[in-house]
Amino acid sequence: GGAGPHDGGDRRPVLPPAGHGRLRSRAIRRAGRIRGVPQPLPRQRRTGDGRVGDPHHPAAGDRPGAFRGQNMSAGVVIDLDGVVYRGATAIPGAAEALAALEAAGYDLHFVTNNSARTPEVVAERINSIAGFPARASQVVTSSLVAASMIEEGPVLFMGESGLEAAIRGAGFETTEDPRTARTVVVGLDRHLSYERATRAADAARNGARLIVTNRDPTFPIENGAWQPGAGACAALV
């Protein structure tokens, strides 16, 4: 007897309305520009058969050419865990593929939802593990994106050095006092303690805005194993 899916009846929204709850995840979906993060090219109609050719002299059927206007260069966004390396082991062929893309004229951007490390450390890992000379300016971490969402300090964070550096780099003061914190940011914390989780949970209950770098419960390491991720840490809060 209820309204059908196409009859114009009232429907429950897929996402909660603004202000409902405090948990903010998948920070990359937030509108607005993020300092230091390459912005996407304008959306255009996709054409071509998916072949990849010379990025500077694309043929009519080359798909990358469909996304670029005049004076625009093509970019490739590359995940890290399980794509370039797995733990401290390089993915076979990753370095060769990266070098080939760069030689073809593509701008490479490395993205990771691992919040534990700074872009400088991530770039060094790409270099030392995969053998590709990445630069910190090419790296975007979930810590940088989460920090771009902070609107008010002081900030109580539960995470590692990469998260702390991103928060301070965004100009916000940090605190360990849940009574004064106006924002709580939770990321991967491999030094997690019950006391740290308690402070973060207390701050959130006191009304601080809660931001989570990502909700993945696990992440891959060597030998096909998995370790608890930021989502597992956030579940405590």
# chains A, B, ... in the order shown; residues from 1 in each chain; ligands from 1

$ residues_around --residues "stretch 223-230 of chain A" --least-positions-apart "6" --cutoff "6 Å" --atoms "only C-alpha atoms" --output "ChimeraX atom specification"
/A:187-188,215-217

$ closest_residue --among "A:Pro133, A:Gly162, A:Gly105, A:Gly207" --to "A:Ala146" --atoms "only C-alpha atoms"
A:Gly162

$ residues_around --residues "stretch 192-199 of chain A" --least-positions-apart "4" --cutoff "9 Å" --atoms "only C-alpha atoms" --output "list in words"
Leu156, Phe157, Met158, Gly159, Glu176, Asp177, Pro178, Leu188, Ala203, Ala204, Cys233, Ala234, Leu236 and Val237 of chain A

$ write_last_selection --atoms "C-alpha atoms" --output "short mmCIF file (atom, residue, chain, number, x, y, z; two decimals), in the first residue's frame"
data_model
loop_
_atom_site.label_atom_id
_atom_site.label_comp_id
_atom_site.auth_asym_id
_atom_site.auth_seq_id
_atom_site.Cartn_x
_atom_site.Cartn_y
_atom_site.Cartn_z
CA LEU A 156 42.50 15.78 19.91
CA PHE A 157 43.89 13.13 17.57
CA MET A 158 44.27 9.38 17.85
CA GLY A 159 46.86 8.37 15.30
CA GLU A 176 45.05 15.67 24.95
CA ASP A 177 42.31 17.17 27.10
CA PRO A 178 38.88 15.85 26.03
CA LEU A 188 45.52 4.30 12.08
CA ALA A 203 35.88 14.28 23.62
CA ALA A 204 33.35 13.01 21.06
CA CYS A 233 40.73 1.99 15.72
CA ALA A 234 37.73 4.24 15.08
CA LEU A 236 36.64 2.11 19.81
CA VAL A 237 35.53 5.74 19.65
#

$ closest_residue --among "A:Val83, A:Asn114, A:Glu173, A:Leu108" --to "A:Thr218" --atoms "only C-alpha atoms"
A:Asn114

$ decode --residues "stretch 159-175 of chain A" --atoms "N, CA, C and O atoms" --output "compact mmCIF listing (two decimals), in the first residue's frame"
# COMPACT_ATOMS: atom_id res chain seq x y z
N GLY A 159 46.19 8.80 16.50
CA GLY A 159 46.86 8.37 15.30
C GLY A 159 48.36 8.46 15.47
O GLY A 159 48.86 8.51 16.60
N GLU A 160 49.07 8.54 14.35
CA GLU A 160 50.53 8.53 14.39
C GLU A 160 51.09 9.84 13.85
O GLU A 160 50.35 10.81 13.65
N SER A 161 52.40 9.87 13.60
CA SER A 161 53.08 11.12 13.28
C SER A 161 52.55 11.78 12.00
O SER A 161 52.53 13.01 11.90
N GLY A 162 52.13 10.98 11.03
CA GLY A 162 51.60 11.55 9.80
C GLY A 162 50.34 12.36 10.04
O GLY A 162 50.14 13.42 9.42
N LEU A 163 49.50 11.89 10.94
CA LEU A 163 48.27 12.60 11.25
C LEU A 163 48.56 13.87 12.04
O LEU A 163 48.00 14.93 11.76
N GLU A 164 49.45 13.77 13.01
CA GLU A 164 49.80 14.95 13.80
C GLU A 164 50.41 16.03 12.92
O GLU A 164 50.07 17.22 13.05
N ALA A 165 51.32 15.65 12.02
CA ALA A 165 51.96 16.63 11.14
C ALA A 165 50.94 17.31 10.24
O ALA A 165 51.03 18.52 9.99
N ALA A 166 49.97 16.56 9.74
CA ALA A 166 48.95 17.15 8.87
C ALA A 166 48.08 18.14 9.62
O ALA A 166 47.74 19.21 9.11
N ILE A 167 47.72 17.80 10.86
CA ILE A 167 46.88 18.70 11.66
C ILE A 167 47.62 19.98 11.99
O ILE A 167 47.09 21.09 11.83
N ARG A 168 48.87 19.85 12.42
CA ARG A 168 49.66 21.05 12.74
C ARG A 168 49.97 21.84 11.47
O ARG A 168 49.99 23.08 11.50
N GLY A 169 50.20 21.14 10.37
CA GLY A 169 50.46 21.82 9.12
C GLY A 169 49.27 22.62 8.62
O GLY A 169 49.43 23.59 7.88
N ALA A 170 48.07 22.21 9.02
CA ALA A 170 46.85 22.94 8.66
C ALA A 170 46.61 24.13 9.58
O ALA A 170 45.65 24.87 9.39
N GLY A 171 47.48 24.29 10.60
CA GLY A 171 47.38 25.47 11.46
C GLY A 171 46.58 25.28 12.72
O GLY A 171 46.20 26.29 13.35
N PHE A 172 46.34 24.04 13.14
CA PHE A 172 45.52 23.80 14.31
C PHE A 172 46.35 23.31 15.49
O PHE A 172 47.29 22.52 15.33
N GLU A 173 45.97 23.77 16.67
CA GLU A 173 46.60 23.33 17.92
C GLU A 173 46.05 21.96 18.31
O GLU A 173 44.87 21.68 18.10
N THR A 174 46.90 21.12 18.87
CA THR A 174 46.45 19.82 19.35
C THR A 174 46.36 19.83 20.87
O THR A 174 47.01 20.64 21.55
N THR A 175 45.56 18.91 21.40
CA THR A 175 45.38 18.80 22.83
C THR A 175 45.12 17.34 23.19
O THR A 175 44.70 16.56 22.34
